[in-house]
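Have a look at coords.pdb; it's PDB, C-alpha atoms:
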```pdb
ATOM      1  CA  MET A   1       0.000   0.000   0.000
ATOM      2  CA  ASN A   2       0.995   3.577  -0.429
ATOM      3  CA  ALA A   3       2.279   4.494   3.056
ATOM      4  CA  GLY A   4       1.444   8.148   2.488
ATOM      5  CA  ALA A   5      -2.212   7.338   1.823
ATOM      6  CA  ARG A   6      -2.789   5.303   4.996
ATOM      7  CA  SER A   7      -4.822   6.694   7.799
ATOM      8  CA  LYS A   8      -6.204   4.848  10.801
ATOM      9  CA  GLY A   9      -9.905   4.356  10.341
ATOM     10  CA  ALA A  10      -9.903   5.544   6.729
ATOM     11  CA  LEU A  11     -10.352   3.592   3.519
ATOM     12  CA  HIS A  12      -8.837   5.010   0.336
ATOM     13  CA  GLY A  13     -10.078   3.849  -3.036
ATOM     14  CA  ALA A  14      -6.571   4.251  -4.484
ATOM     15  CA  ASN A  15      -5.310   1.546  -2.114
ATOM     16  CA  ILE A  16      -8.064  -0.848  -3.155
ATOM     17  CA  ILE A  17      -7.318  -0.188  -6.828
ATOM     18  CA  GLN A  18      -3.625  -0.798  -6.194
ATOM     19  CA  ALA A  19      -4.495  -4.152  -4.556
ATOM     20  CA  ILE A  20      -6.756  -5.143  -7.470
ATOM     21  CA  LYS A  21      -3.872  -4.483  -9.867
ATOM     22  CA  ALA A  22      -1.412  -6.356  -7.620
ATOM     23  CA  ALA A  23      -3.773  -9.352  -7.753
ATOM     24  CA  ASP A  24      -3.500  -9.243 -11.566
ATOM     25  CA  VAL A  25      -7.196  -8.447 -12.025
ATOM     26  CA  ARG A  26      -7.746  -6.460 -15.203
ATOM     27  CA  HIS A  27     -11.448  -6.981 -15.991
ATOM     28  CA  ILE A  28     -14.090  -5.283 -13.842
ATOM     29  CA  ALA A  29     -17.783  -5.964 -14.443
ATOM     30  CA  ALA A  30     -19.638  -3.209 -12.643
ATOM     31  CA  LEU A  31     -22.896  -1.565 -11.787
ATOM     32  CA  PRO A  32     -23.056   1.789 -10.058
ATOM     33  CA  ASP A  33     -22.832   1.337  -6.312
ATOM     34  CA  ILE A  34     -23.673   4.203  -3.979
ATOM     35  CA  THR A  35     -21.025   3.037  -1.492
ATOM     36  CA  THR A  36     -18.096   2.746  -3.914
ATOM     37  CA  VAL A  37     -18.932   4.929  -6.935
ATOM     38  CA  ASP A  38     -16.744   7.923  -6.080
ATOM     39  CA  GLY A  39     -13.778   6.119  -4.538
ATOM     40  CA  LEU A  40     -13.656   3.091  -6.868
ATOM     41  CA  LEU A  41     -15.926   3.013  -9.907
ATOM     42  CA  LYS A  42     -15.073   6.477 -11.257
ATOM     43  CA  PRO A  43     -11.278   6.004 -10.918
ATOM     44  CA  ILE A  44     -11.499   2.486 -12.399
ATOM     45  CA  ALA A  45     -13.485   3.845 -15.355
ATOM     46  CA  LEU A  46     -10.675   6.325 -16.052
ATOM     47  CA  ASP A  47      -7.807   3.852 -15.571
ATOM     48  CA  PRO A  48      -6.536   2.351 -18.860
ATOM     49  CA  ALA A  49      -5.137  -0.639 -16.923
ATOM     50  CA  PHE A  50      -8.697  -1.939 -16.522
ATOM     51  CA  ASP A  51     -11.249  -3.295 -18.950
ATOM     52  CA  LEU A  52     -14.461  -1.914 -17.420
ATOM     53  CA  ILE A  53     -17.503  -3.917 -18.454
ATOM     54  CA  ARG A  54     -20.713  -2.102 -17.615
ATOM     55  CA  VAL A  55     -23.542  -4.525 -16.932
ATOM     56  CA  CYS A  56     -27.260  -4.053 -16.345
ATOM     57  CA  LYS A  57     -27.700  -6.756 -13.725
ATOM     58  CA  GLU A  58     -25.318  -8.212 -11.180
ATOM     59  CA  ASP A  59     -25.831 -11.776 -12.371
ATOM     60  CA  GLU A  60     -24.586 -10.710 -15.825
ATOM     61  CA  GLY A  61     -21.322  -9.717 -14.174
ATOM     62  CA  ILE A  62     -21.106 -13.095 -12.470
ATOM     63  CA  GLY A  63     -21.576 -14.875 -15.817
ATOM     64  CA  ILE A  64     -18.981 -12.656 -17.508
ATOM     65  CA  CYS A  65     -16.443 -13.312 -14.758
ATOM     66  CA  ALA A  66     -17.133 -17.055 -14.990
ATOM     67  CA  GLY A  67     -16.483 -16.954 -18.737
ATOM     68  CA  LEU A  68     -13.288 -14.956 -18.295
ATOM     69  CA  SER A  69     -12.033 -17.495 -15.755
ATOM     70  CA  TYR A  70     -12.247 -20.181 -18.465
ATOM     71  CA  CYS A  71      -9.862 -18.004 -20.499
ATOM     72  CA  ASP A  72      -7.391 -17.693 -17.592
ATOM     73  CA  GLN A  73      -8.346 -14.038 -17.124
ATOM     74  CA  ARG A  74      -8.825 -12.586 -13.667
ATOM     75  CA  ALA A  75     -11.931 -10.479 -13.156
ATOM     76  CA  LEU A  76     -14.175  -9.196 -10.434
ATOM     77  CA  VAL A  77     -17.683  -7.852 -10.111
ATOM     78  CA  LEU A  78     -18.184  -4.486  -8.419
ATOM     79  CA  MET A  79     -21.700  -4.199  -6.990
ATOM     80  CA  GLN A  80     -23.680  -3.143  -3.956
ATOM     81  CA  SER A  81     -25.092  -5.473  -1.319
ATOM     82  CA  THR A  82     -28.639  -5.302  -2.681
ATOM     83  CA  GLY A  83     -27.272  -6.640  -5.969
ATOM     84  CA  LEU A  84     -25.488  -9.435  -4.143
ATOM     85  CA  LEU A  85     -28.797 -10.468  -2.630
ATOM     86  CA  ASP A  86     -30.412 -10.315  -6.097
ATOM     87  CA  SER A  87     -27.724 -12.569  -7.590
ATOM     88  CA  VAL A  88     -27.552 -15.346  -4.994
ATOM     89  CA  ASN A  89     -28.793 -17.983  -7.450
ATOM     90  CA  ALA A  90     -26.186 -17.044 -10.077
ATOM     91  CA  LEU A  91     -23.509 -17.256  -7.384
ATOM     92  CA  ARG A  92     -24.815 -20.604  -6.182
ATOM     93  CA  CYS A  93     -24.784 -22.092  -9.643
ATOM     94  CA  ASN A  94     -21.794 -20.507 -11.380
ATOM     95  CA  ALA A  95     -19.447 -19.935  -8.476
ATOM     96  CA  VAL A  96     -20.245 -22.646  -5.939
ATOM     97  CA  GLU A  97     -21.589 -25.613  -7.894
ATOM     98  CA  TYR A  98     -19.363 -25.108 -10.957
ATOM     99  CA  GLN A  99     -16.441 -24.130  -8.700
ATOM    100  CA  GLN A 100     -15.473 -20.915 -10.452
ATOM    101  CA  PRO A 101     -13.115 -18.304  -8.978
ATOM    102  CA  ILE A 102     -15.624 -15.484  -9.173
ATOM    103  CA  CYS A 103     -14.518 -12.521  -7.064
ATOM    104  CA  LEU A 104     -16.923  -9.820  -5.961
ATOM    105  CA  LEU A 105     -16.268  -6.429  -4.425
ATOM    106  CA  VAL A 106     -19.506  -5.527  -2.632
ATOM    107  CA  GLY A 107     -20.395  -2.177  -1.080
ATOM    108  CA  LEU A 108     -22.442  -2.658   2.087
ATOM    109  CA  ILE A 109     -25.129   0.011   1.731
ATOM    110  CA  GLY A 110     -25.900   1.703   5.023
ATOM    111  CA  LYS A 111     -23.311  -0.136   7.101
ATOM    112  CA  GLU A 112     -22.039   2.018   9.923
ATOM    113  CA  PRO A 113     -18.213   2.377   9.983
ATOM    114  CA  GLY A 114     -16.688   0.458  12.870
ATOM    115  CA  VAL A 115     -19.792  -1.692  13.369
ATOM    116  CA  ALA A 116     -19.589  -5.379  12.437
ATOM    117  CA  PRO A 117     -21.933  -6.226   9.554
ATOM    118  CA  ARG A 118     -23.960  -8.601  11.771
ATOM    119  CA  ALA A 119     -24.460  -5.782  14.295
ATOM    120  CA  SER A 120     -25.565  -3.198  11.716
ATOM    121  CA  SER A 121     -28.902  -1.480  12.160
ATOM    122  CA  GLU A 122     -29.546  -2.219   8.457
ATOM    123  CA  TYR A 123     -31.290  -5.580   7.986
ATOM    124  CA  GLY A 124     -29.878  -5.930   4.449
ATOM    125  CA  VAL A 125     -26.342  -5.628   5.848
ATOM    126  CA  ARG A 126     -26.924  -7.995   8.806
ATOM    127  CA  ILE A 127     -27.971 -10.894   6.585
ATOM    128  CA  VAL A 128     -25.092 -10.757   4.058
ATOM    129  CA  GLU A 129     -22.512 -12.758   6.015
ATOM    130  CA  PRO A 130     -24.960 -15.505   7.126
ATOM    131  CA  ILE A 131     -26.072 -15.935   3.505
ATOM    132  CA  LEU A 132     -22.469 -16.191   2.297
ATOM    133  CA  GLU A 133     -21.738 -18.718   5.047
ATOM    134  CA  ALA A 134     -24.797 -20.792   4.073
ATOM    135  CA  LEU A 135     -23.441 -20.826   0.500
ATOM    136  CA  GLN A 136     -19.954 -21.677   1.838
ATOM    137  CA  ILE A 137     -18.487 -18.622   0.106
ATOM    138  CA  ASP A 138     -15.304 -17.138   1.542
ATOM    139  CA  HIS A 139     -15.620 -13.474   2.447
ATOM    140  CA  ILE A 140     -13.534 -10.743   3.984
ATOM    141  CA  LEU A 141     -14.422  -7.309   5.318
ATOM    142  CA  ILE A 142     -12.523  -4.319   3.928
ATOM    143  CA  GLU A 143     -13.217  -1.340   6.164
ATOM    144  CA  THR A 144      -9.870   0.414   6.626
ATOM    145  CA  ASP A 145      -6.650   0.728   4.659
ATOM    146  CA  ASP A 146      -5.123  -1.994   6.856
ATOM    147  CA  ASP A 147      -7.803  -4.446   5.668
ATOM    148  CA  VAL A 148      -6.816  -3.880   2.036
ATOM    149  CA  ASP A 149      -3.743  -6.061   2.675
ATOM    150  CA  LYS A 150      -6.112  -9.075   2.821
ATOM    151  CA  MET A 151      -7.246  -8.626  -0.779
ATOM    152  CA  VAL A 152      -4.311  -9.911  -2.833
ATOM    153  CA  PRO A 153      -3.850 -13.195  -0.921
ATOM    154  CA  ALA A 154      -7.623 -13.763  -0.807
ATOM    155  CA  ILE A 155      -7.948 -13.312  -4.575
ATOM    156  CA  ALA A 156      -4.958 -15.617  -5.107
ATOM    157  CA  ARG A 157      -6.592 -18.295  -2.905
ATOM    158  CA  ALA A 158      -9.854 -17.981  -4.847
ATOM    159  CA  TYR A 159      -8.089 -18.630  -8.141
ATOM    160  CA  ILE A 160      -5.870 -21.435  -6.782
ATOM    161  CA  ALA A 161      -8.841 -23.245  -5.212
ATOM    162  CA  SER A 162     -11.285 -22.269  -7.982
ATOM    163  CA  ARG A 163     -13.722 -20.946  -5.384
ATOM    164  CA  PRO A 164     -15.735 -17.720  -5.112
ATOM    165  CA  LEU A 165     -14.704 -14.815  -2.917
ATOM    166  CA  VAL A 166     -16.719 -11.839  -1.689
ATOM    167  CA  MET A 167     -14.875  -8.767  -0.433
ATOM    168  CA  LEU A 168     -17.278  -6.643   1.582
ATOM    169  CA  ILE A 169     -16.605  -2.898   1.550
ATOM    170  CA  GLY A 170     -17.693  -1.623   4.960
ATOM    171  CA  ARG A 171     -17.421   2.145   4.408
ATOM    172  CA  ARG A 172     -17.249   4.582   1.507
ATOM    173  CA  PRO A 173     -13.727   4.543   0.086
ATOM    174  CA  GLU A 174     -12.294   8.025  -0.107
ATOM    175  CA  ALA A 175     -11.471   9.275  -3.593
ATOM    176  CA  GLY A 176      -7.946  10.311  -4.481
ATOM    177  CA  GLN A 177      -4.787   9.781  -2.450
TER     178      GLN A 177
END
```
What does the file become when written as structure tokens?
Amino acid sequence: MNAGARSKGALHGANIIQAIKAADVRHIAALPDITTVDGLLKPIALDPAFDLIRVCKEDEGIGICAGLSYCDQRALVLMQSTGLLDSVNALRCNAVEYQQPICLLVGLIGKEPGVAPRASSEYGVRIVEPILEALQIDHILIETDDDVDKMVPAIARAYIASRPLVMLIGRRPEAGQ
């Protein structure tokens, strides 16, 4: 991570983007996400290192990432938590049953910074981790710059094991450095 851009309790989109690149992910299937649009989606859209694939539905992104995995291309889907809930069946089928390394970066809409997802006042946030556990999908919480260090090894494990991974974004990433 960029040592100059670290701040306790902060999450910088530039650090997440740096981790995505370090994990050799070049294809991003995305829908606008109120949690990550300013800190991630806009900078990714402007970055020539990425192939941004705009999709209309989250499950389209899951299918695209599954197809890219067959071509030995690393990809991830950028979506919000409501879209994750909408696409559970696509995840179940494509990622879990067909054992595809589909990686998702999911903004937790309404999650309070510093509050565990299960303790959130938002019902839609509280149920995300139990659903992922029921599907036996690995997940990590990215809430501060220190958590970003988990991303590269987690993505590597997903591709080595050919298993899905969900990276939950627990606060709005700050734009810029």
Shortest contact to Arg92 of chain A, candidates A:Leu135, A:Ile62, A:Val55, A:Val25, atoms counted all atoms listed in the file, goes to A:Leu135
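All residues of protein, DNA or RNA that reach within 8 Å of Gly170 of chain A, judged by all atoms listed in the file and not counting those fewer than 2 positions away in the chain, are A:Gly107, A:Leu108, A:Lys111, A:Glu112, A:Pro113, A:Pro117, A:Leu141, A:Ile142, A:Glu143, A:Leu168, A:Arg172.
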| Residue IDs satisfying the PyMOL selection byres ((chain A and resi 173) around 9), as a list in words | Ala10, Leu11, His12, Gly13, Ala14, Ile16, Thr35, Thr36, Val37, Asp38, Gly39, Leu40, Glu143, Thr144, Ile169, Gly170, Arg171, Arg172, Glu174 and Ala175 of chain A
Export C-alpha atoms of the chosen residues as a CSV table (one decimal), in the frame of the given file?
```
chain,number,residue,atom,x,y,z
A,10,ALA,CA,-9.9,5.5,6.7
A,11,LEU,CA,-10.4,3.6,3.5
A,12,HIS,CA,-8.8,5.0,0.3
A,13,GLY,CA,-10.1,3.8,-3.0
A,14,ALA,CA,-6.6,4.3,-4.5
A,16,ILE,CA,-8.1,-0.8,-3.2
A,35,THR,CA,-21.0,3.0,-1.5
A,36,THR,CA,-18.1,2.7,-3.9
A,37,VAL,CA,-18.9,4.9,-6.9
A,38,ASP,CA,-16.7,7.9,-6.1
A,39,GLY,CA,-13.8,6.1,-4.5
A,40,LEU,CA,-13.7,3.1,-6.9
A,143,GLU,CA,-13.2,-1.3,6.2
A,144,THR,CA,-9.9,0.4,6.6
A,169,ILE,CA,-16.6,-2.9,1.6
A,170,GLY,CA,-17.7,-1.6,5.0
A,171,ARG,CA,-17.4,2.1,4.4
A,172,ARG,CA,-17.2,4.6,1.5
A,174,GLU,CA,-12.3,8.0,-0.1
A,175,ALA,CA,-11.5,9.3,-3.6
```
**OP:** Choose the residue, out of A:Val106, A:Tyr70, A:Ser162, A:Arg54, that has the smallest atom-to-atom separation from Val128 of chain A; count all atoms listed in the file.
**Re:**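 Checking each candidate against Val128 of chain A, we get A:Val106 as the closest.
For the pair atom CA of Leu31 of chain A and atom CA of Arg157 of chain A, the interatomic distance is 25.0 Å.
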Output check: residues returned by the PyMOL selection byres ((chain A and resi 96) around 9), as a VMD selection string:
chain A and resid 91 to 95 97 to 101 135 to 137 163 to 164
Counting only C-alpha atoms, closest pick from A:Lys21, A:Glu129, A:Gln80, A:Phe50 relative to Ile155 of chain A is A:Lys21
Margin query: At a cut-off of 12 Å around the point (-27.5, -6.3, -4.2) (file coordinates), what residues fall inside when counting all atoms listed in the file? I'd like the answer as a VMD selection string.
Written below: chain A and resid 30 to 35 57 to 59 77 to 88 104 to 109 124 to 125 127 to 128 168
Check your understanding: In Å to one decimal, how far is atom CA of Gln18 of chain A from atom CA of Pro48 of chain A?
Key ->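 Atom-to-atom, atom CA of Pro48 of chain A to atom CA of Gln18 of chain A, that is 13.4 Å.
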